[in-house]
Each structure stands twice: as structure tokens, then as C-alpha cells.
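Q: Structure: work.cif, mmCIF, C-alpha atoms and all ligand atoms.
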```cif
data_structure
loop_
_atom_site.group_PDB
_atom_site.id
_atom_site.type_symbol
_atom_site.label_atom_id
_atom_site.label_comp_id
_atom_site.auth_asym_id
_atom_site.auth_seq_id
_atom_site.Cartn_x
_atom_site.Cartn_y
_atom_site.Cartn_z
ATOM 1 C CA MET A 268 60.286 93.185 144.036
ATOM 2 C CA SER A 269 62.023 90.019 145.022
ATOM 3 C CA VAL A 270 62.557 87.171 142.621
ATOM 4 C CA GLU A 271 60.388 84.077 142.318
ATOM 5 C CA TYR A 272 62.490 80.914 142.144
ATOM 6 C CA LYS A 273 60.687 78.956 139.409
ATOM 7 C CA TYR A 274 62.034 75.584 140.531
ATOM 8 C CA HIS A 275 61.913 76.422 144.249
ATOM 9 C CA PRO A 276 58.890 78.602 144.966
ATOM 10 C CA LYS A 277 58.804 77.294 148.526
ATOM 11 C CA LYS A 278 62.416 78.337 149.095
ATOM 12 C CA GLN A 279 63.631 75.066 150.570
ATOM 13 C CA ALA A 280 67.316 74.221 150.324
ATOM 14 C CA THR A 281 69.727 71.645 151.695
ATOM 15 C CA ILE A 282 73.401 72.306 152.282
ATOM 16 C CA VAL A 283 75.331 69.190 151.290
ATOM 17 C CA THR A 284 78.689 69.222 152.996
ATOM 18 C CA ALA A 285 81.474 67.617 150.998
ATOM 19 C CA PRO A 286 84.550 67.750 153.234
ATOM 20 C CA PHE A 287 86.693 66.144 150.630
ATOM 21 C CA SER A 288 90.211 66.727 149.279
ATOM 22 C CA GLY A 289 91.024 63.603 147.241
ATOM 23 C CA GLY A 290 90.796 65.407 143.896
ATOM 24 C CA GLN A 291 93.975 67.393 144.549
ATOM 25 C CA PRO A 292 97.151 67.085 146.654
ATOM 26 C CA LYS A 293 96.853 69.930 149.194
ATOM 27 C CA GLY A 294 95.503 69.266 152.665
ATOM 28 C CA GLY A 295 92.929 71.582 154.183
ATOM 29 C CA VAL A 296 90.284 71.919 151.490
ATOM 30 C CA GLU A 297 88.284 69.250 153.344
ATOM 31 C CA LEU A 298 87.870 71.854 156.126
ATOM 32 C CA GLY A 299 85.982 74.232 153.835
ATOM 33 C CA PRO A 300 82.473 73.162 154.875
ATOM 34 C CA GLU A 301 83.298 73.332 158.582
ATOM 35 C CA TYR A 302 84.614 76.908 158.327
ATOM 36 C CA ILE A 303 81.760 78.031 156.092
ATOM 37 C CA LEU A 304 79.147 76.594 158.455
ATOM 38 C CA LYS A 305 80.920 78.064 161.481
ATOM 39 C CA ALA A 306 80.719 81.460 159.798
ATOM 40 C CA GLY A 307 76.945 81.110 159.974
ATOM 41 C CA PHE A 308 76.156 80.136 156.375
ATOM 42 C CA GLN A 309 73.022 78.171 157.208
ATOM 43 C CA GLU A 310 71.601 80.982 159.370
ATOM 44 C CA GLN A 311 72.483 83.578 156.733
ATOM 45 C CA LEU A 312 70.456 81.709 154.121
ATOM 46 C CA GLN A 313 67.629 81.209 156.583
ATOM 47 C CA SER A 314 67.458 84.916 157.234
ATOM 48 C CA LEU A 315 66.798 85.344 153.500
ATOM 49 C CA GLY A 316 63.587 83.388 153.957
ATOM 50 C CA TRP A 317 64.876 79.967 152.943
ATOM 51 C CA ASN A 318 64.241 76.831 154.942
ATOM 52 C CA VAL A 319 67.714 75.262 155.089
ATOM 53 C CA GLU A 320 68.628 71.723 156.144
ATOM 54 C CA LEU A 321 72.039 70.074 156.368
ATOM 55 C CA GLU A 322 73.186 66.761 154.959
ATOM 56 C CA ASN A 323 76.612 65.120 155.049
ATOM 57 C CA PRO A 324 76.772 62.168 152.664
ATOM 58 C CA LEU A 325 80.419 61.508 153.587
ATOM 59 C CA GLU A 326 79.751 61.230 157.308
ATOM 60 C CA SER A 327 80.712 57.569 157.555
ATOM 61 C CA THR A 328 83.493 57.684 154.966
ATOM 62 C CA ASN A 329 87.019 57.666 156.259
ATOM 63 C CA TYR A 330 88.411 58.875 152.983
ATOM 64 C CA GLU A 331 91.580 60.419 154.417
ATOM 65 C CA LYS A 332 92.865 56.937 155.219
ATOM 66 C CA SER A 333 92.149 55.723 151.718
ATOM 67 C CA LYS A 334 94.217 58.437 150.083
ATOM 68 C CA SER A 335 97.347 56.919 148.673
ATOM 69 C CA ASP A 336 100.143 57.560 146.211
ATOM 70 C CA ASP A 337 98.657 55.045 143.817
ATOM 71 C CA LYS A 338 98.160 56.222 140.279
ATOM 72 C CA ASP A 339 96.377 54.492 137.460
ATOM 73 C CA GLU A 340 97.938 53.904 134.042
ATOM 74 C CA TYR A 341 97.291 57.529 133.034
ATOM 75 C CA GLY A 342 98.728 58.907 136.291
ATOM 76 C CA ILE A 343 95.309 59.668 137.786
ATOM 77 C CA LYS A 344 95.435 59.862 141.591
ATOM 78 C CA ASN A 345 93.024 58.548 144.227
ATOM 79 C CA THR A 346 90.572 57.126 141.705
ATOM 80 C CA LYS A 347 88.876 54.763 144.142
ATOM 81 C CA ILE A 348 88.153 57.210 146.916
ATOM 82 C CA VAL A 349 87.166 60.085 144.618
ATOM 83 C CA SER A 350 84.729 57.809 142.820
ATOM 84 C CA GLU A 351 83.307 56.460 146.064
ATOM 85 C CA CYS A 352 82.757 59.901 147.580
ATOM 86 C CA CYS A 353 81.369 61.304 144.338
ATOM 87 C CA GLU A 354 78.842 58.488 144.116
ATOM 88 C CA LYS A 355 77.620 59.255 147.643
ATOM 89 C CA ILE A 356 77.368 62.975 146.892
ATOM 90 C CA HIS A 357 75.609 62.217 143.610
ATOM 91 C CA ASN A 358 72.948 60.148 145.373
ATOM 92 C CA SER A 359 72.517 62.750 148.067
ATOM 93 C CA VAL A 360 72.166 65.693 145.641
ATOM 94 C CA LYS A 361 69.806 63.763 143.350
ATOM 95 C CA GLY A 362 67.629 62.760 146.295
ATOM 96 C CA ILE A 363 67.431 66.323 147.591
ATOM 97 C CA ALA A 364 66.517 67.687 144.148
ATOM 98 C CA ASN A 365 63.939 64.929 143.626
ATOM 99 C CA ASN A 366 62.393 65.954 146.959
ATOM 100 C CA GLY A 367 61.922 69.484 145.685
ATOM 101 C CA ARG A 368 64.743 71.122 147.640
ATOM 102 C CA LEU A 369 67.643 73.118 146.208
ATOM 103 C CA PRO A 370 70.980 71.369 146.823
ATOM 104 C CA ILE A 371 73.905 73.605 147.804
ATOM 105 C CA THR A 372 77.041 71.490 147.802
ATOM 106 C CA VAL A 373 79.879 73.004 149.822
ATOM 107 C CA GLY A 374 83.350 71.589 149.207
ATOM 108 C CA GLY A 375 85.879 70.335 149.331
ATOM 109 C CA ASP A 376 87.643 70.256 146.006
ATOM 110 C CA HIS A 377 86.009 70.545 142.597
ATOM 111 C CA SER A 378 86.222 66.839 141.740
ATOM 112 C CA ILE A 379 82.764 66.681 143.301
ATOM 113 C CA GLY A 380 81.494 68.450 140.165
ATOM 114 C CA THR A 381 81.289 64.978 138.660
ATOM 115 C CA ALA A 382 78.755 64.119 141.360
ATOM 116 C CA THR A 383 76.650 67.268 141.354
ATOM 117 C CA VAL A 384 76.462 67.906 137.603
ATOM 118 C CA SER A 385 75.516 64.308 136.852
ATOM 119 C CA ALA A 386 72.977 64.322 139.684
ATOM 120 C CA MET A 387 71.246 67.474 138.475
ATOM 121 C CA LEU A 388 71.133 66.230 134.877
ATOM 122 C CA ALA A 389 69.691 62.934 136.092
ATOM 123 C CA HIS A 390 67.106 64.949 138.028
ATOM 124 C CA ASN A 391 66.243 67.159 135.038
ATOM 125 C CA PRO A 392 67.956 66.586 131.668
ATOM 126 C CA ASP A 393 67.210 70.186 130.613
ATOM 127 C CA THR A 394 69.579 71.531 133.279
ATOM 128 C CA CYS A 395 72.333 73.812 132.015
ATOM 129 C CA ILE A 396 75.650 74.329 133.771
ATOM 130 C CA LEU A 397 77.319 77.656 134.505
ATOM 131 C CA TRP A 398 80.910 76.902 135.578
ATOM 132 C CA VAL A 399 82.578 79.878 137.255
ATOM 133 C CA ASP A 400 86.279 79.147 137.597
ATOM 134 C CA ALA A 401 89.808 80.209 136.686
ATOM 135 C CA HIS A 402 90.164 76.675 135.299
ATOM 136 C CA ALA A 403 88.192 74.637 132.772
ATOM 137 C CA ASP A 404 88.301 71.369 134.802
ATOM 138 C CA ILE A 405 87.685 69.388 131.632
ATOM 139 C CA ASN A 406 90.902 67.367 131.356
ATOM 140 C CA THR A 407 90.536 63.708 130.500
ATOM 141 C CA PRO A 408 92.887 61.017 131.793
ATOM 142 C CA LYS A 409 94.638 61.370 128.440
ATOM 143 C CA THR A 410 95.138 65.152 128.600
ATOM 144 C CA THR A 411 95.819 65.830 132.296
ATOM 145 C CA ASP A 412 99.374 66.725 133.299
ATOM 146 C CA SER A 413 98.729 66.771 137.038
ATOM 147 C CA GLY A 414 96.645 63.589 137.410
ATOM 148 C CA ASN A 415 94.456 65.531 139.862
ATOM 149 C CA LEU A 416 90.796 64.679 139.488
ATOM 150 C CA HIS A 417 89.616 68.188 140.404
ATOM 151 C CA GLY A 418 90.904 69.132 136.956
ATOM 152 C CA CYS A 419 88.706 66.501 135.264
ATOM 153 C CA PRO A 420 85.108 66.511 136.571
ATOM 154 C CA LEU A 421 83.467 67.796 133.386
ATOM 155 C CA SER A 422 85.064 65.328 130.984
ATOM 156 C CA PHE A 423 83.598 62.420 132.947
ATOM 157 C CA VAL A 424 80.040 63.767 132.787
ATOM 158 C CA MET A 425 80.445 64.487 129.071
ATOM 159 C CA GLY A 426 81.990 61.134 128.202
ATOM 160 C CA LEU A 427 85.110 62.645 126.581
ATOM 161 C CA ASP A 428 87.913 60.088 125.982
ATOM 162 C CA SER A 429 85.713 57.616 127.841
ATOM 163 C CA ASP A 430 87.966 54.668 126.960
ATOM 164 C CA SER A 431 90.538 56.110 129.372
ATOM 165 C CA TYR A 432 88.375 56.408 132.517
ATOM 166 C CA PRO A 433 89.298 54.561 135.687
ATOM 167 C CA GLU A 434 86.872 51.643 135.934
ATOM 168 C CA GLU A 435 85.566 52.916 139.286
ATOM 169 C CA PHE A 436 83.860 55.753 137.441
ATOM 170 C CA SER A 437 81.581 53.481 135.432
ATOM 171 C CA TRP A 438 78.601 54.575 137.589
ATOM 172 C CA VAL A 439 78.784 58.154 136.269
ATOM 173 C CA PRO A 440 75.942 58.901 133.848
ATOM 174 C CA GLN A 441 77.394 60.795 130.863
ATOM 175 C CA LEU A 442 74.518 63.218 130.503
ATOM 176 C CA LEU A 443 76.148 66.587 129.793
ATOM 177 C CA LYS A 444 75.992 67.904 126.223
ATOM 178 C CA ALA A 445 78.492 70.490 125.032
ATOM 179 C CA ASN A 446 75.801 73.087 124.288
ATOM 180 C CA LYS A 447 74.589 73.011 127.924
ATOM 181 C CA ILE A 448 77.746 74.286 129.615
ATOM 182 C CA ALA A 449 79.309 77.739 129.718
ATOM 183 C CA TYR A 450 82.343 79.048 131.578
ATOM 184 C CA ILE A 451 82.986 82.407 133.175
ATOM 185 C CA GLY A 452 86.321 83.592 134.581
ATOM 186 C CA LEU A 453 88.788 81.328 132.772
ATOM 187 C CA ARG A 454 92.456 82.282 132.770
ATOM 188 C CA ASP A 455 94.454 79.073 133.282
ATOM 189 C CA VAL A 456 93.396 76.493 130.729
ATOM 190 C CA ASP A 457 95.673 73.602 129.721
ATOM 191 C CA ASP A 458 96.471 73.027 126.029
ATOM 192 C CA GLY A 459 94.509 69.781 125.889
ATOM 193 C CA GLU A 460 91.547 71.545 127.467
ATOM 194 C CA LYS A 461 91.726 74.383 124.914
ATOM 195 C CA ARG A 462 91.487 71.765 122.175
ATOM 196 C CA ILE A 463 88.468 70.159 123.863
ATOM 197 C CA LEU A 464 86.699 73.522 124.239
ATOM 198 C CA LYS A 465 87.304 74.315 120.573
ATOM 199 C CA GLU A 466 86.403 70.900 119.174
ATOM 200 C CA ASN A 467 83.159 70.810 121.131
ATOM 201 C CA ASN A 468 82.341 74.476 120.546
ATOM 202 C CA ILE A 469 81.869 75.083 124.280
ATOM 203 C CA ALA A 470 80.927 78.593 125.393
ATOM 204 C CA ALA A 471 83.983 79.816 127.279
ATOM 205 C CA PHE A 472 84.271 83.375 128.577
ATOM 206 C CA SER A 473 87.699 84.224 129.914
ATOM 207 C CA MET A 474 88.907 87.249 131.859
ATOM 208 C CA TYR A 475 89.670 88.805 128.467
ATOM 209 C CA HIS A 476 85.975 88.735 127.567
ATOM 210 C CA ILE A 477 85.052 90.190 130.944
ATOM 211 C CA ASP A 478 87.423 93.125 130.423
ATOM 212 C CA LYS A 479 86.221 93.587 126.863
ATOM 213 C CA TYR A 480 82.439 93.368 127.354
ATOM 214 C CA GLY A 481 81.919 93.795 131.091
ATOM 215 C CA ILE A 482 80.621 91.163 133.467
ATOM 216 C CA GLY A 483 76.944 92.006 132.863
ATOM 217 C CA GLN A 484 77.176 91.293 129.148
ATOM 218 C CA VAL A 485 79.284 88.222 129.673
ATOM 219 C CA VAL A 486 76.692 86.591 131.938
ATOM 220 C CA ASP A 487 73.999 87.391 129.352
ATOM 221 C CA MET A 488 76.117 85.984 126.526
ATOM 222 C CA ALA A 489 76.837 82.830 128.514
ATOM 223 C CA LEU A 490 73.146 82.286 129.309
ATOM 224 C CA ASN A 491 72.173 83.034 125.690
ATOM 225 C CA LYS A 492 74.341 80.097 124.635
ATOM 226 C CA ILE A 493 73.131 77.509 127.135
ATOM 227 C CA ASN A 494 69.669 78.781 128.056
ATOM 228 C CA PRO A 495 68.515 80.981 125.146
ATOM 229 C CA ASP A 496 64.826 81.028 126.094
ATOM 230 C CA ARG A 497 65.586 81.328 129.814
ATOM 231 C CA ASP A 498 63.367 78.353 130.605
ATOM 232 C CA CYS A 499 65.846 75.680 131.768
ATOM 233 C CA PRO A 500 67.096 75.086 135.302
ATOM 234 C CA ILE A 501 70.598 76.394 136.048
ATOM 235 C CA HIS A 502 73.251 74.544 138.022
ATOM 236 C CA LEU A 503 75.824 77.111 139.160
ATOM 237 C CA SER A 504 79.163 75.472 139.949
ATOM 238 C CA TYR A 505 81.277 78.094 141.653
ATOM 239 C CA ASP A 506 85.000 77.569 142.243
ATOM 240 C CA VAL A 507 86.095 80.383 144.559
ATOM 241 C CA ASP A 508 89.391 80.657 142.660
ATOM 242 C CA ALA A 509 87.450 82.415 139.881
ATOM 243 C CA ILE A 510 87.690 85.481 142.100
ATOM 244 C CA ASP A 511 91.073 87.202 142.260
ATOM 245 C CA PRO A 512 93.454 85.883 144.937
ATOM 246 C CA SER A 513 93.642 89.375 146.455
ATOM 247 C CA PHE A 514 90.038 88.844 147.616
ATOM 248 C CA VAL A 515 90.063 85.040 147.905
ATOM 249 C CA PRO A 516 93.568 83.969 148.909
ATOM 250 C CA ALA A 517 92.836 80.716 150.767
ATOM 251 C CA THR A 518 92.441 78.354 147.844
ATOM 252 C CA GLY A 519 94.659 75.673 146.328
ATOM 253 C CA THR A 520 95.228 76.779 142.735
ATOM 254 C CA ARG A 521 95.420 80.572 142.797
ATOM 255 C CA VAL A 522 95.659 82.390 139.485
ATOM 256 C CA GLU A 523 96.286 86.119 139.299
ATOM 257 C CA GLY A 524 94.108 88.443 137.236
ATOM 258 C CA GLY A 525 90.719 87.184 138.373
ATOM 259 C CA LEU A 526 87.262 88.593 138.955
ATOM 260 C CA THR A 527 86.897 91.403 141.438
ATOM 261 C CA LEU A 528 84.805 90.412 144.440
ATOM 262 C CA ARG A 529 81.922 92.482 143.068
ATOM 263 C CA GLU A 530 82.153 90.869 139.622
ATOM 264 C CA GLY A 531 82.196 87.489 141.290
ATOM 265 C CA LEU A 532 79.123 88.220 143.361
ATOM 266 C CA PHE A 533 77.389 89.781 140.366
ATOM 267 C CA VAL A 534 77.495 86.435 138.567
ATOM 268 C CA ALA A 535 75.612 84.824 141.451
ATOM 269 C CA GLU A 536 73.168 87.741 141.574
ATOM 270 C CA ALA A 537 72.534 87.566 137.840
ATOM 271 C CA VAL A 538 71.752 83.860 138.105
ATOM 272 C CA ALA A 539 69.421 84.576 141.027
ATOM 273 C CA GLU A 540 67.684 87.240 138.960
ATOM 274 C CA THR A 541 66.765 84.691 136.255
ATOM 275 C CA GLY A 542 64.733 82.812 138.871
ATOM 276 C CA LEU A 543 66.064 79.604 137.306
ATOM 277 C CA LEU A 544 68.632 78.527 139.894
ATOM 278 C CA SER A 545 68.160 74.846 140.657
ATOM 279 C CA SER A 546 71.414 73.946 142.416
ATOM 280 C CA LEU A 547 74.711 75.406 143.496
ATOM 281 C CA ASP A 548 78.253 74.247 144.280
ATOM 282 C CA ILE A 549 80.725 76.368 146.253
ATOM 283 C CA VAL A 550 84.130 74.695 146.190
ATOM 284 C CA GLU A 551 87.883 74.978 146.778
ATOM 285 C CA THR A 552 87.866 77.020 150.006
ATOM 286 C CA ASN A 553 91.043 75.850 151.780
ATOM 287 C CA PRO A 554 91.318 77.461 155.248
ATOM 288 C CA LEU A 555 94.833 76.063 155.756
ATOM 289 C CA LEU A 556 96.277 77.996 152.827
ATOM 290 C CA GLY A 557 95.721 81.491 154.178
ATOM 291 C CA GLU A 558 98.938 83.186 155.279
ATOM 292 C CA ASN A 559 97.046 84.848 158.117
ATOM 293 C CA ASP A 560 93.629 84.926 159.753
ATOM 294 C CA ASN A 561 92.371 87.662 157.453
ATOM 295 C CA HIS A 562 93.093 85.552 154.387
ATOM 296 C CA VAL A 563 90.939 82.786 155.789
ATOM 297 C CA LEU A 564 88.228 85.188 156.899
ATOM 298 C CA ASP A 565 88.088 86.909 153.494
ATOM 299 C CA THR A 566 87.858 83.614 151.647
ATOM 300 C CA VAL A 567 85.204 82.112 153.892
ATOM 301 C CA SER A 568 83.199 85.356 153.758
ATOM 302 C CA ALA A 569 83.356 85.390 149.978
ATOM 303 C CA ALA A 570 82.149 81.767 149.839
ATOM 304 C CA CYS A 571 79.199 82.636 152.086
ATOM 305 C CA ALA A 572 78.442 85.770 150.059
ATOM 306 C CA ILE A 573 78.334 83.765 146.819
ATOM 307 C CA GLY A 574 75.681 81.548 148.386
ATOM 308 C CA ARG A 575 73.648 84.461 149.733
ATOM 309 C CA CYS A 576 73.732 86.297 146.404
ATOM 310 C CA ALA A 577 72.649 83.172 144.525
ATOM 311 C CA LEU A 578 69.764 82.803 146.978
ATOM 312 C CA GLY A 579 68.565 86.318 146.429
ATOM 313 C CA GLN A 580 70.101 88.533 149.114
ATOM 314 C CA THR A 581 70.908 91.489 146.922
ATOM 315 C CA LEU A 582 67.794 91.494 144.725
ATOM 316 C CA LEU A 583 65.502 94.295 145.786
HETATM 317 N N1 LIG A 601 89.260 72.829 140.496
HETATM 318 C C1 LIG A 601 90.460 73.337 140.281
HETATM 319 N N2 LIG A 601 90.938 74.264 141.069
HETATM 320 N N3 LIG A 601 91.144 72.822 139.263
HETATM 321 C C2 LIG A 601 92.481 73.177 138.916
HETATM 322 C C3 LIG A 601 92.973 72.370 137.743
HETATM 323 C C4 LIG A 601 94.353 72.726 137.328
HETATM 324 C C5 LIG A 601 94.882 71.982 136.127
HETATM 325 N N4 LIG A 601 94.167 72.328 134.939
HETATM 326 C C6 LIG A 601 94.814 70.471 136.357
HETATM 327 O O1 LIG A 601 94.134 69.784 135.634
HETATM 328 O O2 LIG A 601 95.457 69.982 137.254
HETATM 329 MN MN MN A 602 89.711 76.532 139.744
HETATM 330 MN MN MN A 603 87.437 74.235 139.588
#
```
Could you render the structure from this file as C-alpha cells?
A:
Amino acid sequence: MSVEYKYHPKKQATIVTAPFSGGQPKGGVELGPEYILKAGFQEQLQSLGWNVELENPLESTNYEKSKSDDKDEYGIKNTKIVSECCEKIHNSVKGIANNGRLPITVGGDHSIGTATVSAMLAHNPDTCILWVDAHADINTPKTTDSGNLHGCPLSFVMGLDSDSYPEEFSWVPQLLKANKIAYIGLRDVDDGEKRILKENNIAAFSMYHIDKYGIGQVVDMALNKINPDRDCPIHLSYDVDAIDPSFVPATGTRVEGGLTLREGLFVAEAVAETGLLSSLDIVETNPLLGENDNHVLDTVSAACAIGRCALGQTLL
């Protein structure tokens, strides 16, 4: 009995490539989409019965040249180019969703969460967000220590500390409410982020909760918080660093003590099983950070497997 995708009964999807690295300092994460496609990602999804197209909203953007050492008054880096690329990805993802296809955005770094989350909420305001990550990515310009925008995408879509945003980000619709986002896999959360999670009563399940309750219960608990009647579309934003670096080594901000590969894939399977998946991000694959070919292969394979599981591969 395979699952019926409530929002995508015709099983049509579009892979949005986001070869972008401006949200963090390490080179190579912009190669993620190329490696993932070369591994056969599109064909793999097609063999699951999906019709899969490709779209690259950054095709004509020479963003590498626009990266600079400039920082704004809060120390935020690359504001102009991150905003510009995010706006293009936002328009692309929103258009695909409005055309009835399921957008799968393949990064690139997680700063593109600003684009995809805001696009899916603009498409359907009932959308809830499941953020699978070692990190909370909810710093504001006022709380960030690093100044890297891949640590900030969620604050911008929630409008937290909005007086401190770089002016380039004024296009971002602040549509995300605190009761529509849940985290799974957290283990490296900055102090300012912990305060934000607490103050806004955001559902945050860390590795501690996964050890205590098991991954199956944790996914249920997370969905109970943000989608209690199981009737809202789900945007799954998957940072591959949620999975332990022993399985997924080629990523920019590795944190030990993560999900096993099976736990990581289970999250995608459990979302698939709800039939409510409406969009997916797979981010932070950095093929240049593997110490050897196997590191790269393992990471790219895991990224592909996350996508296949979310699109129903392992549901019988
Ligand atoms: N998408 C990620 N890998 N984010 C890592 C963020 C790390 C740290 N919290 C920061 O704000 O810089
Ligand atoms: Mn992360
Ligand atoms: Mn992230």
C-alpha cells in the first residue's frame, strides 16, 4: 500500500538547484547540486513514479564574484548577494508550487531557507515547517556571533528583531508563526537562539529527546505540535549535518553526536507516510570537505536517500 500525496496526487516535482555558498565562508557547498544530480538524483526520483523537472533560478547569477569581505553594522556577511539569490529562489519555488508541482530545493547552504520557507508560506499559509538540523538557524543580526546568514534564515521569515535586518531583505514576507515550526536533531544551538526558542515556545527536539523517546516518538511529537490534525502541508527543510558526521562527513559545520543514517532517513520516511509533504530542501552538502572520495560518496548518497525516502521509496 503506497502512500497518496494529498498535495501532489499526480506526483510531479521540480528539483530547484541552488548552487550557492554566500551564507557561510567555506567554498564547495555550491557544488552540492552538481554532485547530487551527477549521482542520478533526478532518475532515482523518476523511478519512484514521479515526473521530475529541473530548474536553476541562479543560472544567470554570477554570485561568486559578488562575494566580498563587506559586513553590515551587525557583522552580517554577503547581505546583498544572499538576498538577491534568495529572492530568485523564492520566486522559483513559489511558481513551481503554484503550478501544482512539489519543489525540491537542493543546496547550497541553508541561507536559502529564507527563500523556500517564505515561498511555501506565501503559496499556502497553513504550511508547517519541519527543520531537521544540528543547528537552529534562527539567529538574528543582533544574536549571531559568526555573521553567517546560513545561521539566520528562520529569524527573517519570522520577523524576529526585524529592526536589525539588512535593508536588502525587505522583500522577505514574514509569514512564519512560532507554532508552525518544529526542530529535530538539534545539538549545537547558540545562547541567543536558546533564548529565542524559549521565548517563542518553539517545538525543539534535540538529540537528547531522540535518545530518550526514540526517533519514532519524536517525529510524532514534533508533528503533534505543528500539525495536530495532520491536515496541513509540510515543508521539510533537511540540513544533512543533522546526521552524524560518521555517515555524512562532507558538510561545513559538523557536530558530533548526530542522528544515525537510519534515524535520519526515518524522519523523511515518516513525513512521506503522512502524505502531507508539500516541499523539501536538502542543503549543506559540501563535496570539497570530504577527506577522501568515500566521504564525498557517503554524503552525496545520504542526500539522495533523504530525497528518495521523502518521496516514498521505502513505503510499502
Ligand atoms: N546551516 C548551518 N549549517 N548553520 C550553522 C550555524 C552555526 C551557528 N549557529 C551560526 O549562526 O553561525
Ligand atoms: Mn546545520
Ligand atoms: Mn542548517
Q: Just want the 8 Å neighbourhood of Arg521 in chain A, counted on only C-alpha atoms, with same-chain residues fewer than 5 positions away dropped. Output as number ranges by chain.
A: A: 508, 511-512, 516
Q: Compare A:Gln311, A:Ser378, A:Asn318, A:Ser422 by their minimum atom-to-atom distance to ligand MN 602 (chain A), counting all atoms listed in the file, and give me the closest one.
A: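 Looking at the shortest contact to ligand MN 602 (chain A), the residue is A:Ser378.
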Q: Which polymer residues have any atom within 6 Å of an atom of Tyr505 in chain A, counting all atoms listed in the file, with same-chain residues fewer than 4 positions away left out, as number ranges by chain?
A: A: 399, 548-549
Q: As a list in words, please: every protein or nucleic acid residue near ligand MN 602 (chain A) (cut-off 9 Å, counting only C-alpha atoms and all ligand atoms).
A: His377, Val399, Asp400, Ala401, His402, Ala403, Asp404, His417, Gly418, Leu453, Asp455, Tyr505, Asp506, Val507, Asp508, Ala509, Thr518, Gly519, Thr520, Arg521, Val522, Val550 and Glu551 of chain A
Q: Output the residue selection produced by the PyMOL selection byres (((chain A and resi 440) around 12) and not hetatm) on the file above, formatted as a list in words.
A: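 With the shown file as input, the PyMOL selection byres (((chain A and resi 440) around 12) and not hetatm) matches Glu354, His357, Asn358, Thr381, Ala382, Thr383, Val384, Ser385, Ala386, Met387, Leu388, Ala389, His390, Pro392, Leu421, Ser422, Phe423, Val424, Met425, Gly426, Ser429, Phe436, Ser437, Trp438, Val439, Gln441, Leu442, Leu443 and Lys444 of chain A.
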Q: For CA of Cys352 in chain A and CA of Glu434 in chain A, determine how far apart the two atoms are, in Å to one decimal place.
A: 14.9 Å
Q: Grab the CA of Leu427 in chain A to CA of Leu526 in chain A distance for me, in Å with one decimal place.
A: 28.8 Å
Q: Please report the interatomic distance between CA of Leu312 in chain A and CA of Leu578 in chain A in Å with one decimal.
A: 7.3 Å
Q: Can range 384-399 of chain A be brought up to N, CA and C atoms and written out as a short mmCIF file (atom, residue, chain, number, x, y, z; two decimals), keeping the file's coordinate frame?
A:
```
data_model
loop_
_atom_site.label_atom_id
_atom_site.label_comp_id
_atom_site.auth_asym_id
_atom_site.auth_seq_id
_atom_site.Cartn_x
_atom_site.Cartn_y
_atom_site.Cartn_z
N VAL A 384 76.95 67.67 138.97
CA VAL A 384 76.46 67.91 137.60
C VAL A 384 75.68 66.69 137.11
N SER A 385 76.23 65.50 137.33
CA SER A 385 75.52 64.31 136.85
C SER A 385 74.21 64.11 137.62
N ALA A 386 74.21 64.46 138.90
CA ALA A 386 72.98 64.32 139.68
C ALA A 386 71.89 65.27 139.18
N MET A 387 72.26 66.50 138.89
CA MET A 387 71.25 67.47 138.48
C MET A 387 70.73 67.18 137.07
N LEU A 388 71.60 66.62 136.21
CA LEU A 388 71.13 66.23 134.88
C LEU A 388 70.26 64.98 134.95
N ALA A 389 70.56 64.10 135.91
CA ALA A 389 69.69 62.93 136.09
C ALA A 389 68.33 63.39 136.63
N HIS A 390 68.35 64.40 137.48
CA HIS A 390 67.11 64.95 138.03
C HIS A 390 66.28 65.64 136.95
N ASN A 391 66.94 66.47 136.13
CA ASN A 391 66.24 67.16 135.04
C ASN A 391 67.21 67.33 133.87
N PRO A 392 67.01 66.58 132.80
CA PRO A 392 67.96 66.59 131.67
C PRO A 392 68.05 67.93 130.95
N ASP A 393 67.13 68.86 131.23
CA ASP A 393 67.21 70.19 130.61
C ASP A 393 68.19 71.11 131.33
N THR A 394 68.70 70.68 132.48
CA THR A 394 69.58 71.53 133.28
C THR A 394 70.78 72.02 132.46
N CYS A 395 71.10 73.31 132.61
CA CYS A 395 72.33 73.81 132.01
C CYS A 395 73.31 74.17 133.13
N ILE A 396 74.59 74.18 132.77
CA ILE A 396 75.65 74.33 133.77
C ILE A 396 76.40 75.64 133.53
N LEU A 397 76.47 76.47 134.56
CA LEU A 397 77.32 77.66 134.50
C LEU A 397 78.51 77.40 135.43
N TRP A 398 79.70 77.31 134.83
CA TRP A 398 80.91 76.90 135.58
C TRP A 398 81.78 78.14 135.76
N VAL A 399 81.84 78.65 136.97
CA VAL A 399 82.58 79.88 137.26
C VAL A 399 83.91 79.48 137.89
#
```
